[in-house]
Amino acid sequence: MNFIIMTLQQLLDNGMERDEIKKILLSFKSIPQNEDGNPNDVEFFLHEKAIGLECIGASRTYLVFDEQGNLLGYYALASKPLMIAKKNLAKLSNKQRSKLRRHGHITDSGVLQVYSYLLGQLGKNYNGVNSIDGKDLLTLAYNSIKAASEIIGAKYIWLECEDNDKLRKFYSDFGFQEVEGYTSKNNLKVMILKIEEKG
């Protein structure tokens, strides 16, 4: 299947009415929902936050369509360093600490700041006839980040995910490694992947 990728910014710049853009975003449905019946973070982000964050330049949301114009999924990226506090830095293995320090610096307060890109959201649409494989969607996100890294040279991609075996395996099979002993302020696991050098 051929994919068509457009950013929210492209839709906004092309003069599409906000209501039309909102209609496209609202066609996205993710599973599972939370136990209270509210949409999960992936769905809530696209429905309620993506346009606002796009407009202020805080993140870039990529929409993935099939050739018929059906929304298959999306991913959202941001240029955001991974910050590892001093107490968490001490929990890392010497090897992992050394690798990360080569692509960042220690601030005056002892925080390791790793120059990197955040994969903030990744979600498949379960509301359509056609579908996209999760690995294909993650590959598209990776390729977008890799292209950006050739312009602005950060070396890592990082993400937060729930402490869920299936989810961690999905990312680790792609090459992400869990930052050992580290949990984010959102109480999520942090996983990181080094971007392959061009060549």
# chains A, B, ... in the order shown; residues from 1 in each chain; ligands from 1
>>> residues_around(residues="Gly181 (chain A)", least_positions_apart="4", cutoff="12 Å", atoms="only C-alpha atoms", output="ChimeraX atom specification")
/A:84-85,87-93,96-97,177,187-191
>>> select_by_dssp(residues="region 48-175 of chain A", states="strand (DSSP E or B)", output="PyMOL selection string")
chain A and resi 60-65+71-79+82-84+104-106+112-114+116-124+156-161
>>> closest_residue(among="A:Leu11, A:Leu193, A:Met6, A:Ala154", to="Tyr62 (chain A)", atoms="only C-alpha atoms")
A:Met6
>>> select_by_dssp(residues="chain A", states="helix (DSSP H, G or I)", output="ChimeraX atom specification")
/A:8-13,18-26,41-55,86-89,94-101,134-149,165-174
>>> closest_atom_pairs(of="region 15-66 of chain A", to="region 114-118 of chain A", cutoff="12 Å", atoms="only C-alpha atoms", output="JSON lines")
{"residue": "A:Ala58", "atom": "CA", "partner": "A:Leu118", "partner_atom": "CA", "distance": 11.2}
{"residue": "A:Ser59", "atom": "CA", "partner": "A:Leu118", "partner_atom": "CA", "distance": 9.2}
{"residue": "A:Arg60", "atom": "CA", "partner": "A:Leu118", "partner_atom": "CA", "distance": 10.6}
{"residue": "A:Thr61", "atom": "CA", "partner": "A:Leu118", "partner_atom": "CA", "distance": 12.0}
>>> residues_around(residues="Leu12 (chain A)", least_positions_apart="3", cutoff="10 Å", atoms="only C-alpha atoms", output="PyMOL selection string")
chain A and resi 7-9+15-18+21+51+54-55
>>> residues_around(residues="Leu26 (chain A)", least_positions_apart="5", cutoff="9 Å", atoms="only C-alpha atoms", output="list of chain:residue names")
A:Ile21, A:Glu43, A:Leu46, A:His47
>>> write_last_selection(atoms="C-alpha atoms", output="short mmCIF file (atom, residue, chain, number, x, y, z; two decimals), in the first residue's frame")
data_model
loop_
_atom_site.label_atom_id
_atom_site.label_comp_id
_atom_site.auth_asym_id
_atom_site.auth_seq_id
_atom_site.Cartn_x
_atom_site.Cartn_y
_atom_site.Cartn_z
CA ILE A 21 -9.32 19.67 9.36
CA GLU A 43 -6.81 9.93 20.53
CA LEU A 46 -5.09 14.38 17.94
CA HIS A 47 -8.63 15.55 18.67
#
>>> residues_around(residues="Leu159 (chain A)", least_positions_apart="4", cutoff="12 Å", atoms="only C-alpha atoms", output="NGL selection string")
:A and (75-83 or 116-122 or 138 or 141-142 or 167-168 or 171-172 or 176-179 or 183-184 or 186 or 188-193)
>>> residues_around(residues="Arg102 (chain A)", least_positions_apart="2", cutoff="12 Å", atoms="only C-alpha atoms", output="list in words")
Lys95, Gln96, Arg97, Ser98, Lys99, Leu100, Gly104, His105, Ile106, Leu112, Gln113, Val114, Tyr115, Ala154, Lys155, Tyr156 and Lys194 of chain A
>>> closest_residue(among="A:His103, A:Lys135, A:Gly110, A:Ser27", to="Ile157 (chain A)", atoms="only C-alpha atoms")
A:His103
>>> atom_distance(atom1="CA of Asn2 (chain A)", atom2="CA of Glu67 (chain A)")
6.7 Å
